[in-house]
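*Asks:* This is protein_32.pdb, which holds PDB, C-alpha atoms:
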```
ATOM      1  CA  MET E   1     108.607 104.842  78.641
ATOM      2  CA  THR E   2     109.658 101.251  79.371
ATOM      3  CA  PRO E   3     108.176  98.503  77.198
ATOM      4  CA  PHE E   4     105.868  95.949  78.788
ATOM      5  CA  VAL E   5     107.602  92.611  79.372
ATOM      6  CA  PRO E   6     105.040  89.813  79.763
ATOM      7  CA  SER E   7     107.530  87.363  81.272
ATOM      8  CA  LEU E   8     108.149  89.483  84.374
ATOM      9  CA  SER E   9     106.429  88.338  87.541
ATOM     10  CA  ARG E  10     104.305  90.874  89.397
ATOM     11  CA  ARG E  11     106.886  90.971  92.192
ATOM     12  CA  ALA E  12     109.679  91.674  89.733
ATOM     13  CA  LEU E  13     107.587  94.293  87.968
ATOM     14  CA  LEU E  14     106.730  96.119  91.158
ATOM     15  CA  GLY E  15     110.229  95.758  92.512
ATOM     16  CA  ALA E  16     111.627  97.409  89.427
ATOM     17  CA  GLY E  17     110.169 100.692  90.677
ATOM     18  CA  LEU E  18     108.447 101.544  87.422
ATOM     19  CA  ALA E  19     107.161 105.097  87.566
ATOM     20  CA  ALA E  20     105.342 107.366  85.213
ATOM     21  CA  ALA E  21     104.173 105.336  82.241
ATOM     22  CA  LEU E  22     104.258 101.816  80.852
ATOM     23  CA  PRO E  23     103.174 100.841  77.321
ATOM     24  CA  VAL E  24     101.200  97.662  77.816
ATOM     25  CA  HIS E  25     100.881  96.447  74.241
ATOM     26  CA  ALA E  26     102.484  97.586  71.022
ATOM     27  CA  HIS E  27     100.992  95.166  68.481
ATOM     28  CA  ALA E  28      99.466  96.774  65.378
ATOM     29  CA  GLN E  29     101.011 100.135  66.191
ATOM     30  CA  ARG E  30     101.403 100.620  62.435
ATOM     31  CA  ASN E  31      97.612 100.483  62.042
ATOM     32  CA  ASN E  32      96.807 102.876  64.880
ATOM     33  CA  PRO E  33      99.878 104.739  66.109
ATOM     34  CA  ARG E  34      98.022 106.723  68.764
ATOM     35  CA  ALA E  35      97.825 104.900  72.071
ATOM     36  CA  ILE E  36      95.032 104.924  74.598
ATOM     37  CA  THR E  37      96.278 106.277  77.935
ATOM     38  CA  VAL E  38      94.779 104.897  81.136
ATOM     39  CA  VAL E  39      95.588 107.284  83.978
ATOM     40  CA  VAL E  40      96.050 105.604  87.356
ATOM     41  CA  PRO E  41      95.755 108.409  89.950
ATOM     42  CA  PHE E  42      98.024 106.632  92.439
ATOM     43  CA  GLY E  43     101.683 105.692  92.513
ATOM     44  CA  ALA E  44     103.218 102.662  90.818
ATOM     45  CA  GLY E  45     103.314  99.472  92.845
ATOM     46  CA  GLY E  46      99.959  99.653  94.649
ATOM     47  CA  SER E  47      96.943  97.412  94.140
ATOM     48  CA  VAL E  48      95.065  99.928  91.960
ATOM     49  CA  ASP E  49      98.159 100.294  89.771
ATOM     50  CA  ALA E  50      98.517  96.516  89.395
ATOM     51  CA  ILE E  51      94.821  96.170  88.554
ATOM     52  CA  GLY E  52      95.115  98.942  85.977
ATOM     53  CA  ARG E  53      98.125  97.378  84.271
ATOM     54  CA  SER E  54      96.477  93.972  84.022
ATOM     55  CA  LEU E  55      93.287  95.521  82.638
ATOM     56  CA  ALA E  56      95.183  97.656  80.131
ATOM     57  CA  GLU E  57      97.138  94.696  78.818
ATOM     58  CA  GLY E  58      93.933  92.721  78.270
ATOM     59  CA  MET E  59      92.185  95.639  76.589
ATOM     60  CA  ALA E  60      95.131  96.179  74.242
ATOM     61  CA  ARG E  61      94.906  92.605  73.036
ATOM     62  CA  HIS E  62      91.187  92.965  72.360
ATOM     63  CA  LEU E  63      91.456  96.356  70.670
ATOM     64  CA  ASP E  64      94.623  95.515  68.727
ATOM     65  CA  GLN E  65      95.811  98.972  69.760
ATOM     66  CA  PRO E  66      98.498 100.228  72.150
ATOM     67  CA  VAL E  67      97.328 100.977  75.688
ATOM     68  CA  VAL E  68      99.566 102.961  78.040
ATOM     69  CA  VAL E  69      99.254 103.148  81.823
ATOM     70  CA  GLU E  70     100.288 106.513  83.255
ATOM     71  CA  ASN E  71     100.633 107.127  86.989
ATOM     72  CA  ARG E  72      99.578 110.616  88.085
ATOM     73  CA  ALA E  73      99.712 110.380  91.832
ATOM     74  CA  GLY E  74      99.002 113.075  94.393
ATOM     75  CA  ALA E  75      96.287 114.511  96.626
ATOM     76  CA  SER E  76      94.774 111.076  97.322
ATOM     77  CA  GLY E  77      94.103 110.581  93.625
ATOM     78  CA  ALA E  78      92.582 114.003  92.939
ATOM     79  CA  ILE E  79      95.381 115.185  90.629
ATOM     80  CA  GLY E  80      95.002 112.331  88.157
ATOM     81  CA  CYS E  81      91.217 112.506  88.235
ATOM     82  CA  ALA E  82      91.201 116.242  87.526
ATOM     83  CA  ALA E  83      93.565 115.721  84.572
ATOM     84  CA  VAL E  84      91.234 113.176  82.957
ATOM     85  CA  ALA E  85      88.183 115.338  83.665
ATOM     86  CA  ARG E  86      89.841 118.091  81.578
ATOM     87  CA  ALA E  87      91.008 115.769  78.777
ATOM     88  CA  PRO E  88      89.311 115.611  75.331
ATOM     89  CA  ALA E  89      86.454 113.116  75.230
ATOM     90  CA  ASP E  90      87.887 111.252  72.248
ATOM     91  CA  GLY E  91      88.511 107.828  73.763
ATOM     92  CA  HIS E  92      92.288 108.258  74.007
ATOM     93  CA  THR E  93      92.430 109.287  77.681
ATOM     94  CA  LEU E  94      90.780 107.096  80.304
ATOM     95  CA  LEU E  95      90.876 106.870  84.100
ATOM     96  CA  LEU E  96      91.072 103.948  86.463
ATOM     97  CA  GLY E  97      89.118 105.556  89.277
ATOM     98  CA  ALA E  98      88.549 103.995  92.667
ATOM     99  CA  SER E  99      86.266 104.092  95.680
ATOM    100  CA  THR E 100      88.643 106.615  97.217
ATOM    101  CA  THR E 101      88.450 109.059  94.290
ATOM    102  CA  HIS E 102      84.811 108.580  93.275
ATOM    103  CA  ALA E 103      82.918 107.857  96.492
ATOM    104  CA  VAL E 104      84.948 108.703  99.601
ATOM    105  CA  LEU E 105      87.189 111.696  98.808
ATOM    106  CA  PRO E 106      84.392 113.816  97.257
ATOM    107  CA  ASN E 107      82.507 113.518 100.537
ATOM    108  CA  VAL E 108      85.397 114.470 102.803
ATOM    109  CA  GLN E 109      87.320 116.992 100.688
ATOM    110  CA  LEU E 110      86.085 120.565 101.071
ATOM    111  CA  LYS E 111      87.483 121.659  97.700
ATOM    112  CA  LEU E 112      87.902 119.228  94.837
ATOM    113  CA  ALA E 113      88.890 120.015  91.237
ATOM    114  CA  TYR E 114      86.460 117.506  89.740
ATOM    115  CA  ASP E 115      82.916 116.249  90.248
ATOM    116  CA  PRO E 116      82.832 112.435  90.512
ATOM    117  CA  LEU E 117      79.336 112.147  89.073
ATOM    118  CA  ARG E 118      79.307 114.817  86.349
ATOM    119  CA  ASP E 119      82.876 114.916  85.026
ATOM    120  CA  PHE E 120      83.268 111.304  83.877
ATOM    121  CA  THR E 121      81.660 108.748  81.571
ATOM    122  CA  PRO E 122      81.295 105.309  83.224
ATOM    123  CA  ILE E 123      82.658 102.394  81.175
ATOM    124  CA  SER E 124      82.976  99.365  83.475
ATOM    125  CA  LEU E 125      83.707  98.275  87.001
ATOM    126  CA  ALA E 126      87.032  96.464  87.185
ATOM    127  CA  ALA E 127      87.582  94.929  90.617
ATOM    128  CA  GLU E 128      86.635  94.823  94.276
ATOM    129  CA  VAL E 129      89.161  94.622  97.116
ATOM    130  CA  GLU E 130      87.612  93.653 100.426
ATOM    131  CA  ASN E 131      88.374  94.878 103.932
ATOM    132  CA  ALA E 132      88.101  92.921 107.153
ATOM    133  CA  LEU E 133      87.868  93.968 110.782
ATOM    134  CA  VAL E 134      90.939  92.525 112.488
ATOM    135  CA  VAL E 135      92.055  92.583 116.125
ATOM    136  CA  HIS E 136      95.289  92.088 118.028
ATOM    137  CA  PRO E 137      95.605  88.520 119.393
ATOM    138  CA  SER E 138      95.416  89.853 122.971
ATOM    139  CA  VAL E 139      91.845  91.021 122.329
ATOM    140  CA  PRO E 140      89.663  88.093 123.481
ATOM    141  CA  ALA E 141      86.722  88.965 121.197
ATOM    142  CA  ARG E 142      86.039  86.551 118.364
ATOM    143  CA  THR E 143      82.835  88.163 117.101
ATOM    144  CA  LEU E 144      81.806  91.766 116.455
ATOM    145  CA  ALA E 145      79.306  91.584 119.313
ATOM    146  CA  GLU E 146      82.018  90.406 121.716
ATOM    147  CA  LEU E 147      84.252  93.232 120.533
ATOM    148  CA  VAL E 148      81.486  95.733 121.344
ATOM    149  CA  THR E 149      81.262  94.409 124.899
ATOM    150  CA  TRP E 150      85.038  94.413 125.290
ATOM    151  CA  CYS E 151      85.349  98.007 124.007
ATOM    152  CA  LYS E 152      82.571  99.270 126.286
ATOM    153  CA  GLU E 153      84.357  97.770 129.265
ATOM    154  CA  ARG E 154      87.467  99.753 128.304
ATOM    155  CA  LYS E 155      85.955 103.126 127.532
ATOM    156  CA  GLY E 156      88.645 105.551 126.387
ATOM    157  CA  GLN E 157      91.339 102.867 126.246
ATOM    158  CA  VAL E 158      90.734 101.448 122.760
ATOM    159  CA  ALA E 159      92.486 102.616 119.578
ATOM    160  CA  TYR E 160      91.858 101.637 115.984
ATOM    161  CA  GLY E 161      94.014 102.435 112.976
ATOM    162  CA  SER E 162      93.529 103.341 109.335
ATOM    163  CA  SER E 163      95.711 103.904 106.279
ATOM    164  CA  GLY E 164      94.851 107.609 106.213
ATOM    165  CA  ALA E 165      92.425 110.200 107.559
ATOM    166  CA  GLY E 166      89.349 110.366 105.372
ATOM    167  CA  GLY E 167      90.114 107.069 103.616
ATOM    168  CA  ILE E 168      87.846 104.078 103.379
ATOM    169  CA  THR E 169      89.417 102.207 106.317
ATOM    170  CA  HIS E 170      88.983 105.313 108.477
ATOM    171  CA  LEU E 171      85.335 105.645 107.510
ATOM    172  CA  ALA E 172      84.801 101.922 108.044
ATOM    173  CA  GLY E 173      85.986 102.338 111.623
ATOM    174  CA  GLU E 174      83.600 105.247 112.132
ATOM    175  CA  LEU E 175      80.762 103.193 110.654
ATOM    176  CA  TYR E 176      81.433 100.399 113.134
ATOM    177  CA  LYS E 177      81.768 102.792 116.085
ATOM    178  CA  SER E 178      78.438 104.394 115.211
ATOM    179  CA  ALA E 179      76.606 101.107 114.666
ATOM    180  CA  ALA E 180      78.081  99.537 117.801
ATOM    181  CA  GLY E 181      77.780 102.578 120.068
ATOM    182  CA  ILE E 182      81.397 102.344 121.193
ATOM    183  CA  GLU E 183      84.252 104.794 121.676
ATOM    184  CA  ALA E 184      87.648 104.267 120.078
ATOM    185  CA  VAL E 185      90.458 106.667 119.244
ATOM    186  CA  HIS E 186      91.373 106.874 115.563
ATOM    187  CA  VAL E 187      95.087 106.660 114.741
ATOM    188  CA  PRO E 188      95.887 107.398 111.073
ATOM    189  CA  TYR E 189      98.919 105.975 109.303
ATOM    190  CA  LYS E 190     100.342 106.575 105.835
ATOM    191  CA  ALA E 191      99.988 103.026 104.494
ATOM    192  CA  SER E 192      98.145  99.800 105.225
ATOM    193  CA  SER E 193     101.449  98.051 105.972
ATOM    194  CA  GLU E 194     102.057 100.525 108.813
ATOM    195  CA  VAL E 195      98.619  99.744 110.253
ATOM    196  CA  ASP E 196      99.407  96.028 110.167
ATOM    197  CA  VAL E 197     102.700  96.571 112.019
ATOM    198  CA  ALA E 198     101.042  98.773 114.668
ATOM    199  CA  LEU E 199      98.228  96.284 115.205
ATOM    200  CA  MET E 200     100.562  93.307 115.526
ATOM    201  CA  GLY E 201     102.764  95.363 117.848
ATOM    202  CA  GLY E 202      99.840  96.074 120.176
ATOM    203  CA  GLN E 203      99.647  99.834 119.577
ATOM    204  CA  LEU E 204      96.157  99.282 118.132
ATOM    205  CA  GLN E 205      93.360  97.040 119.306
ATOM    206  CA  PHE E 206      91.494  96.769 115.994
ATOM    207  CA  ALA E 207      91.509  98.009 112.424
ATOM    208  CA  PHE E 208      89.842  97.548 109.080
ATOM    209  CA  ALA E 209      92.518  96.073 106.831
ATOM    210  CA  THR E 210      92.547  95.075 103.186
ATOM    211  CA  LEU E 211      92.604  91.318 102.743
ATOM    212  CA  ALA E 212      95.563  91.709 100.412
ATOM    213  CA  SER E 213      97.758  92.960 103.246
ATOM    214  CA  ALA E 214      96.104  91.147 106.159
ATOM    215  CA  ILE E 215      95.687  87.551 104.931
ATOM    216  CA  PRO E 216      99.287  86.446 105.629
ATOM    217  CA  HIS E 217      99.074  87.808 109.174
ATOM    218  CA  ILE E 218      95.630  86.279 109.737
ATOM    219  CA  ARG E 219      96.872  82.884 108.615
ATOM    220  CA  SER E 220      99.966  83.156 110.814
ATOM    221  CA  GLY E 221      97.857  84.041 113.860
ATOM    222  CA  ARG E 222      99.456  87.461 114.358
ATOM    223  CA  MET E 223      96.028  89.052 113.995
ATOM    224  CA  HIS E 224      92.490  87.681 114.157
ATOM    225  CA  ALA E 225      89.782  88.509 111.616
ATOM    226  CA  LEU E 226      86.274  88.913 113.032
ATOM    227  CA  ALA E 227      84.210  89.832 109.973
ATOM    228  CA  LEU E 228      84.394  90.906 106.358
ATOM    229  CA  ALA E 229      82.997  94.395 105.661
ATOM    230  CA  SER E 230      81.138  93.207 102.576
ATOM    231  CA  ALA E 231      77.664  92.066 101.544
ATOM    232  CA  GLU E 232      78.932  88.579 100.708
ATOM    233  CA  ARG E 233      81.700  86.273 101.842
ATOM    234  CA  SER E 234      85.088  86.330 100.189
ATOM    235  CA  PRO E 235      86.477  83.405  98.188
ATOM    236  CA  PHE E 236      89.852  84.236  99.744
ATOM    237  CA  LEU E 237      88.569  83.674 103.329
ATOM    238  CA  PRO E 238      85.292  81.787 102.867
ATOM    239  CA  GLU E 239      85.084  80.870 106.546
ATOM    240  CA  LEU E 240      84.949  84.547 107.599
ATOM    241  CA  PRO E 241      81.389  85.856 108.183
ATOM    242  CA  THR E 242      80.254  89.146 106.731
ATOM    243  CA  THR E 243      79.404  92.114 108.914
ATOM    244  CA  ALA E 244      75.721  91.532 108.100
ATOM    245  CA  GLN E 245      75.962  87.934 109.262
ATOM    246  CA  ALA E 246      77.693  89.222 112.404
ATOM    247  CA  GLY E 247      74.791  91.584 113.153
ATOM    248  CA  PHE E 248      76.091  94.845 111.628
ATOM    249  CA  PRO E 249      74.603  95.109 108.106
ATOM    250  CA  SER E 250      75.383  98.828 107.779
ATOM    251  CA  VAL E 251      79.131  98.285 108.142
ATOM    252  CA  ILE E 252      80.051  97.790 104.485
ATOM    253  CA  ALA E 253      83.437  99.073 103.285
ATOM    254  CA  VAL E 254      84.540  97.551 100.004
ATOM    255  CA  SER E 255      87.316  99.169  97.978
ATOM    256  CA  TRP E 256      86.821  99.097  94.208
ATOM    257  CA  ALA E 257      88.363 100.202  90.934
ATOM    258  CA  ALA E 258      86.554 101.176  87.733
ATOM    259  CA  LEU E 259      87.225 102.467  84.228
ATOM    260  CA  TYR E 260      85.988 105.919  83.168
ATOM    261  CA  GLY E 261      86.364 108.340  80.298
ATOM    262  CA  PRO E 262      85.906 112.115  80.403
ATOM    263  CA  ALA E 263      82.328 113.415  80.411
ATOM    264  CA  GLY E 264      80.737 113.427  76.972
ATOM    265  CA  LEU E 265      82.544 110.371  75.635
ATOM    266  CA  PRO E 266      80.654 109.375  72.443
ATOM    267  CA  ALA E 267      78.404 106.328  72.723
ATOM    268  CA  ALA E 268      80.334 104.467  70.025
ATOM    269  CA  GLN E 269      83.545 104.886  72.019
ATOM    270  CA  VAL E 270      81.848 103.771  75.230
ATOM    271  CA  THR E 271      80.584 100.626  73.494
ATOM    272  CA  ARG E 272      84.002  99.853  72.009
ATOM    273  CA  LEU E 273      85.939 100.435  75.223
ATOM    274  CA  HIS E 274      83.409  98.596  77.357
ATOM    275  CA  ALA E 275      83.634  95.552  75.099
ATOM    276  CA  ALA E 276      87.424  95.556  75.442
ATOM    277  CA  ALA E 277      87.311  95.939  79.236
ATOM    278  CA  ASP E 278      84.638  93.259  79.579
ATOM    279  CA  ALA E 279      86.623  90.809  77.437
ATOM    280  CA  ALA E 280      89.787  91.491  79.441
ATOM    281  CA  LEU E 281      88.073  91.050  82.810
ATOM    282  CA  ARG E 282      86.668  87.677  81.775
ATOM    283  CA  ARG E 283      90.004  86.237  80.643
ATOM    284  CA  PRO E 284      91.192  83.417  82.975
ATOM    285  CA  GLU E 285      94.754  84.753  83.082
ATOM    286  CA  LEU E 286      93.587  88.185  84.268
ATOM    287  CA  ARG E 287      91.445  86.605  86.971
ATOM    288  CA  GLN E 288      94.461  84.594  88.077
ATOM    289  CA  ARG E 289      96.503  87.802  88.332
ATOM    290  CA  PHE E 290      93.742  89.407  90.370
ATOM    291  CA  ASP E 291      93.788  86.382  92.680
ATOM    292  CA  THR E 292      97.425  87.176  93.506
ATOM    293  CA  LEU E 293      96.270  90.682  94.457
ATOM    294  CA  VAL E 294      93.395  89.257  96.556
ATOM    295  CA  ALA E 295      91.045  91.196  94.266
ATOM    296  CA  ARG E 296      87.865  90.042  92.560
ATOM    297  CA  ALA E 297      87.318  90.829  88.885
ATOM    298  CA  LEU E 298      83.996  92.634  88.581
ATOM    299  CA  PRO E 299      82.939  93.473  85.012
ATOM    300  CA  SER E 300      79.769  95.530  84.611
ATOM    301  CA  THR E 301      77.792  97.544  82.103
ATOM    302  CA  PRO E 302      78.368 101.315  82.016
ATOM    303  CA  GLN E 303      74.991 101.820  83.685
ATOM    304  CA  GLY E 304      75.871  99.176  86.258
ATOM    305  CA  LEU E 305      78.983 101.153  87.180
ATOM    306  CA  ALA E 306      77.016 104.410  87.354
ATOM    307  CA  THR E 307      74.479 102.833  89.717
ATOM    308  CA  TYR E 308      77.161 101.142  91.841
ATOM    309  CA  GLN E 309      79.165 104.358  92.202
ATOM    310  CA  ALA E 310      76.144 106.534  92.958
ATOM    311  CA  ARG E 311      75.029 104.153  95.697
ATOM    312  CA  ASP E 312      78.490 104.048  97.289
ATOM    313  CA  TYR E 313      78.876 107.833  96.999
ATOM    314  CA  ALA E 314      75.509 108.407  98.690
ATOM    315  CA  ARG E 315      76.253 105.908 101.449
ATOM    316  CA  TRP E 316      79.560 107.544 102.386
ATOM    317  CA  GLY E 317      77.835 110.924 102.179
ATOM    318  CA  LYS E 318      75.680 109.846 105.114
ATOM    319  CA  VAL E 319      78.634 108.576 107.144
ATOM    320  CA  VAL E 320      80.904 111.627 106.818
ATOM    321  CA  PRO E 321      78.677 114.201 108.596
ATOM    322  CA  THR E 322      78.076 111.768 111.450
ATOM    323  CA  ALA E 323      81.783 111.149 111.837
ATOM    324  CA  GLY E 324      82.613 114.846 111.477
ATOM    325  CA  ILE E 325      85.401 114.171 108.958
ATOM    326  CA  ARG E 326      86.436 117.057 106.710
ATOM    327  CA  LEU E 327      89.732 117.597 104.880
ATOM    328  CA  GLU E 328      91.036 120.870 103.494
ATOM    329  CA  GLY E 329      91.628 121.020  99.720
TER     330      GLY E 329
END
```
Kindly present the structure from the file in structure tokens form.
*Replies:*
Amino acid sequence: MTPFVPSLSRRALLGAGLAAALPVHAHAQRNNPRAITVVVPFGAGGSVDAIGRSLAEGMARHLDQPVVVENRAGASGAIGCAAVARAPADGHTLLLGASTTHAVLPNVQLKLAYDPLRDFTPISLAAEVENALVVHPSVPARTLAELVTWCKERKGQVAYGSSGAGGITHLAGELYKSAAGIEAVHVPYKASSEVDVALMGGQLQFAFATLASAIPHIRSGRMHALALASAERSPFLPELPTTAQAGFPSVIAVSWAALYGPAGLPAAQVTRLHAAADAALRRPELRQRFDTLVARALPSTPQGLATYQARDYARWGKVVPTAGIRLEG
């Protein structure tokens, strides 16, 4: 394990290629030698990983106890989630789950080694990462309604991209197609950066892209943003209307991250860990780090997380059958 170095910039930290585990805070290790492990079910270097490391560092300071981030990537996050679901409910193994693992994947995966609602104890929401509908500059539409008209005039000639079959940007595209009554061919890629390149290269006409990856290209004019797939406007692009304001209130596709423990986590542990997460998420320096990720800190109560997740899970459960998306386990 490599010790946490506060002076490193995020770019330097990610560029270092840190892999499996990173102790975030070692103060008071003499008082409590056993660390808390926060499992991030995705690889090092992504937005969920960066959110998890920032949260863990803040929690460690509040708890005066070591907190370790461990990446257990694979199967779209299912491997790490299943490991935490099987872990002892003693407060020493936690999970930074996400919309992918706790709302989307359980609806599209035919066989999954965990239940997103029964196998975990909610502690707190952590962050939201918004997605926007973007188009290639050659597409003349500047509103969602204009894009509908343009797509209908080109039936069978429109393609949209996503960062993976069954992922949130794929389902967002299907939501829009259904609400708009249009046809568009789905083209899956392995990463959001590949979608951006394909869109700017003209291989795609539109896509739902995370603001984190799309904002530089939007500001440079290499792609145009038509609407934010969220219930409220983003502080990162306040001039961009929401899908509801653009006439498509059902097209909501917000990515999120949240902290969980295994099912049966004692109430005293939930209270203690929630207090630490809440304190971390309200620290100005953490919010500034999240700003660099184009993510919004979103602390909540444990019940608030449970309600938020259940609503998102149910909403995607209605989209998947309509879209006919199913993935083998």
*Asks:* How many Å separate CA of Ser193 in chain E from CA of Arg154 in chain E?
*Replies:*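 Those two atoms sit 26.4 Å apart.
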*Asks:* Mind checking which residues fall within 8 Å of range 204-214 of chain E, counting all atoms listed in the file, ignoring those fewer than 2 positions away in the same chain, and posting them as number ranges by chain?
*Replies:* E: 129-136, 139, 158-162, 169-170, 172-173, 192-193, 195-196, 198-202, 216-218, 293-295
*Asks:* May I have the residues within 12 Å of Lys155 in chain E as a ChimeraX atom specification, using all atoms listed in the file and disregarding those fewer than 6 positions away in the same chain?
*Replies:* /E:148-149,181-185
*Asks:* What would the selection look like, as an mmCIF file with C-alpha atoms, in the frame of the given file, if the PyMOL selection byres ((chain E and resi 107) around 8) were run on the coordinates I just shared?
*Replies:*
```cif
data_model
loop_
_atom_site.group_PDB
_atom_site.id
_atom_site.type_symbol
_atom_site.label_atom_id
_atom_site.label_comp_id
_atom_site.auth_asym_id
_atom_site.auth_seq_id
_atom_site.Cartn_x
_atom_site.Cartn_y
_atom_site.Cartn_z
ATOM 1 C CA ALA E 103 82.918 107.857 96.492
ATOM 2 C CA VAL E 104 84.948 108.703 99.601
ATOM 3 C CA LEU E 105 87.189 111.696 98.808
ATOM 4 C CA PRO E 106 84.392 113.816 97.257
ATOM 5 C CA VAL E 108 85.397 114.470 102.803
ATOM 6 C CA GLN E 109 87.320 116.992 100.688
ATOM 7 C CA LEU E 110 86.085 120.565 101.071
ATOM 8 C CA TYR E 313 78.876 107.833 96.999
ATOM 9 C CA TRP E 316 79.560 107.544 102.386
ATOM 10 C CA GLY E 317 77.835 110.924 102.179
ATOM 11 C CA VAL E 320 80.904 111.627 106.818
#
```
*Asks:* Please determine, counting only C-alpha atoms, which residue among E:Gln303, E:Ser99, E:Ser54, E:Thr37 has the shortest atom-to-atom distance to Arg72 in chain E.
*Replies:* E:Thr37
*Asks:* From the set E:Ala35, E:Gly58, E:Arg233, E:His102, which residue has the shortest atom-to-atom contact distance to Ala314 in chain E, counting only C-alpha atoms?
*Replies:*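 Among the listed residues, E:His102 lies closest to Ala314 in chain E.
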*Asks:* Restricting the calculation to all atoms listed in the file, which member of E:Thr271, E:Ser138, E:Leu171, E:Ala179 is positioned closest to Thr100 in chain E?
*Replies:*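 Comparing E:Thr271, E:Ser138, E:Leu171, E:Ala179 against Thr100 in chain E, the winner is E:Leu171.
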*Asks:* Given only C-alpha atoms as the basis, pick out the residue of E:Ser76, E:Thr121, E:Ser163, E:Thr322 nearest to Ala267 in chain E.
*Replies:*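 Under the stated criterion, the closest residue is E:Thr121.
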*Asks:* Take the point (75.1, 89.3, 111.1) in the file's coordinates, draw a sphere of radius 12 Å around it, and report as a PyMOL selection string every protein, DNA or RNA residue with an atom inside or on it, counting all atoms listed in the file.
*Replies:* chain E and resi 143-145+226-233+240-252
*Asks:* Find the residue from E:Val319, E:Arg34, E:Ala306, E:Gln203 that sits nearest to Ser178 in chain E; use all atoms listed in the file when measuring.
*Replies:*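 Nearest to Ser178 in chain E: E:Val319.
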*Asks:* Spell out the residues picked by the PyMOL selection byres ((chain E and resi 36) around 9) here, as a list in words.
*Replies:* Arg34, Ala35, Thr37, Val38, Ala60, Gln65, Pro66, Val67, Val68, Val69, Gly91, His92, Thr93 and Leu94 of chain E
*Asks:* Selection from above, C-alpha atoms, as a PDB file, keeping the file's coordinate frame, can you write it?
*Replies:*
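File written: out-v3.pdb
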```
ATOM      1  CA  ARG E  34      98.022 106.723  68.764  1.00  0.00           C
ATOM      2  CA  ALA E  35      97.825 104.900  72.071  1.00  0.00           C
ATOM      3  CA  THR E  37      96.278 106.277  77.935  1.00  0.00           C
ATOM      4  CA  VAL E  38      94.779 104.897  81.136  1.00  0.00           C
ATOM      5  CA  ALA E  60      95.131  96.179  74.242  1.00  0.00           C
ATOM      6  CA  GLN E  65      95.811  98.972  69.760  1.00  0.00           C
ATOM      7  CA  PRO E  66      98.498 100.228  72.150  1.00  0.00           C
ATOM      8  CA  VAL E  67      97.328 100.977  75.688  1.00  0.00           C
ATOM      9  CA  VAL E  68      99.566 102.961  78.040  1.00  0.00           C
ATOM     10  CA  VAL E  69      99.254 103.148  81.823  1.00  0.00           C
ATOM     11  CA  GLY E  91      88.511 107.828  73.763  1.00  0.00           C
ATOM     12  CA  HIS E  92      92.288 108.258  74.007  1.00  0.00           C
ATOM     13  CA  THR E  93      92.430 109.287  77.681  1.00  0.00           C
ATOM     14  CA  LEU E  94      90.780 107.096  80.304  1.00  0.00           C
TER      15      LEU E  94
END
```
*Asks:* Considering all atoms listed in the file, state which residue in the set E:Leu286, E:Glu146, E:Pro266, E:Asp90 is at the smallest distance from Ile51 in chain E.
*Replies:*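 Result for the nearest residue to Ile51 in chain E: E:Leu286.
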